[in-house]
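To start, the structure under review is shown below, and the notes come after it.
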Amino acid sequence: MEKQHLEKKKQAKQLPLFIQISELLNREIAAGQWLPGDRLPIEAELATTLGVAIGTLRKALKKLEEDGLLERRQGSGNYVKRAPSGRAVYQFFHLETLTGGGIPTADILSVTADDDAFVKLQLKVEGDGKLWCVKRARYLNRELVAMEQIWFRHDHDPKLKPKDLHESLYLHYREQFSFWISRVEDEVDCGESPEWVSEALGLENKAIMPKVHRRSWSNEGKVEEFSFTWYDPRKCRYVARWH
């Protein structure tokens with residue numbers, strides 16, 4: 001089986017900081033922290049809370065205004081115009097810090113060509129078809145909280161290079177593979193963690209921990225991704241909300 005190995009913790013292409021902040025605010029509005037009609041904290045206070053420069057925050061707020069989520073009222077502040085909908089980068093990301101929210105980032109640990117029979121069945125890959133398997137470390141506010149193992153079809157990009165991958169794979173699919181993830185199905189249970197997961201998270205080998213099994217469908221109704229996420233309940237929680 002062909003394999004391509006990378007050195008550990010090789011950083012993926014990262015979103016600009018102002019995009020990360022806009023996505024964080026998007027998630028918190030979706031979570032109901034601010035409702036339509038509510039005014040956000042004043043910019044200086046919000047920038048301090050988020051630990052970013054006021055200029056970075058203003059770029060994030062401008063993006064949310066352009067997306068139709070916020071309304072800027074001269075001399076009054078920024079007000080929530082509507083709840084998020086559509087294809088935000090982290091629309092389906094359900095891990096939050098224990099106090100809520102958190103800016104997601106990720107590091108690639110490895111990218112390999114794979115032919116896992118169980119995953120091929122999930123993705124309906126037949127015969128000798130191959131998969132790409134990506135192992136990643138997942139952070140919230142720069143704190144390691146989870147490990148991910150993600151598979152997608154090898155033939156989307158047989159010459160895929162790790163440096164080409166974006167830390168948001170859903171954004172990568174949209175920009176490079178010409179489809180986007182329109183819905184997901186998550187199953188959450190608990191079980192023994194693989195050695196590479198427990199070692200990375202500083203847990204005992206085969207520690208019992210929460211695990212998310214995810215199938216992700218494209219806008220064309222096809223299962224395009226299958227993944228496992230093991231997360232540390234001491235540092236984060238899985239949250240799903242419907243409005």
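Convention: chains lettered A, B, ... in structure tokens order; per-chain residue numbering from 1; ligands numbered from 1 as shown.
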
**Request:** Would you kindly return, as number ranges by chain, each protein, DNA or RNA residue with an atom no farther than 7 Å from any atom of Asp189 in chain A, considering only C-alpha atoms and excluding same-chain residues fewer than 6 positions away?
**Result:** A: 210-212

**Prompt:** range 8-243 of chain A: which residues are strand (DSSP E or B) by DSSP, as an NGL selection string?
**Reply:** :A and (10-11 or 13 or 39 or 70-73 or 77-80 or 95-97 or 104-114 or 131-140 or 143-153 or 166 or 181-192 or 208-218 or 223-231 or 236-238)

**Message:** Set the distance at 12 Å and use only C-alpha atoms: which residues neighbour Gly51 in chain A once local chain neighbours fewer than 2 positions away are removed? I'd like the list as a ChimeraX atom specification.
**Reply:** /A:17-18,21,43-49,53-57,102-103,141

Listing only residues of range 18-103 of chain A within 10 Å of range 144-150 of chain A, what is the closest atom pair and its distance in Å (to one decimal) for each, using only C-alpha atoms, sorted by chain and residue number ascending, as a Markdown table?
| residue | atom | partner | partner_atom | distance |
| --- | --- | --- | --- | --- |
| A:Leu95 | CA | A:Val145 | CA | 8.8 |
| A:Glu96 | CA | A:Val145 | CA | 9.4 |
| A:Thr97 | CA | A:Val145 | CA | 8.6 |

**Asked** Which neighbours of Arg183 in chain A fall inside 10 Å, counting only C-alpha atoms, when residues of the same chain fewer than 5 positions from it are skipped, and could you give them as number ranges by chain?
**Response** A: 91-92, 215-219, 221, 223

Those residues you just picked out, can you put them in a file as a PDB file, in the first residue's frame with N, CA and C atoms?
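Once written, out35.pdb looks like this:
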ATOM      1  N   GLN A  91     -19.512  25.813  10.189  1.00  0.00           N
ATOM      2  CA  GLN A  91     -20.954  25.594  10.395  1.00  0.00           C
ATOM      3  C   GLN A  91     -21.240  24.286  11.117  1.00  0.00           C
ATOM      4  N   PHE A  92     -20.464  23.232  10.808  1.00  0.00           N
ATOM      5  CA  PHE A  92     -20.723  21.912  11.384  1.00  0.00           C
ATOM      6  C   PHE A  92     -19.700  21.526  12.449  1.00  0.00           C
ATOM      7  N   ARG A 215     -20.350  11.154   9.189  1.00  0.00           N
ATOM      8  CA  ARG A 215     -20.494  11.044   7.738  1.00  0.00           C
ATOM      9  C   ARG A 215     -20.910  12.414   7.230  1.00  0.00           C
ATOM     10  N   SER A 216     -20.257  12.874   6.172  1.00  0.00           N
ATOM     11  CA  SER A 216     -20.535  14.201   5.634  1.00  0.00           C
ATOM     12  C   SER A 216     -20.971  14.099   4.183  1.00  0.00           C
ATOM     13  N   TRP A 217     -22.145  14.684   3.884  1.00  0.00           N
ATOM     14  CA  TRP A 217     -22.707  14.652   2.537  1.00  0.00           C
ATOM     15  C   TRP A 217     -22.416  15.955   1.799  1.00  0.00           C
ATOM     16  N   SER A 218     -22.185  15.852   0.500  1.00  0.00           N
ATOM     17  CA  SER A 218     -21.967  17.030  -0.330  1.00  0.00           C
ATOM     18  C   SER A 218     -23.302  17.626  -0.754  1.00  0.00           C
ATOM     19  N   ASN A 219     -23.228  18.772  -1.400  1.00  0.00           N
ATOM     20  CA  ASN A 219     -24.418  19.416  -1.961  1.00  0.00           C
ATOM     21  C   ASN A 219     -25.059  18.573  -3.060  1.00  0.00           C
ATOM     22  N   GLY A 221     -25.553  15.341  -2.630  1.00  0.00           N
ATOM     23  CA  GLY A 221     -26.166  14.205  -1.954  1.00  0.00           C
ATOM     24  C   GLY A 221     -25.294  12.974  -1.847  1.00  0.00           C
ATOM     25  N   VAL A 223     -21.996  10.950   0.023  1.00  0.00           N
ATOM     26  CA  VAL A 223     -21.123  10.929   1.202  1.00  0.00           C
ATOM     27  C   VAL A 223     -19.684  11.130   0.727  1.00  0.00           C
TER      28      VAL A 223
END

**Message:** Please compute the CA of Arg82 in chain A-CA of Leu140 in chain A distance, one decimal, in Å.
**Reply:** 25.4 Å

**Request:** Identify all residues of range 14-68 of chain A in alpha helix (DSSP H) (DSSP on the backbone) and supply them as a ChimeraX atom specification.
**Result:** /A:17-30,43-50,54-66
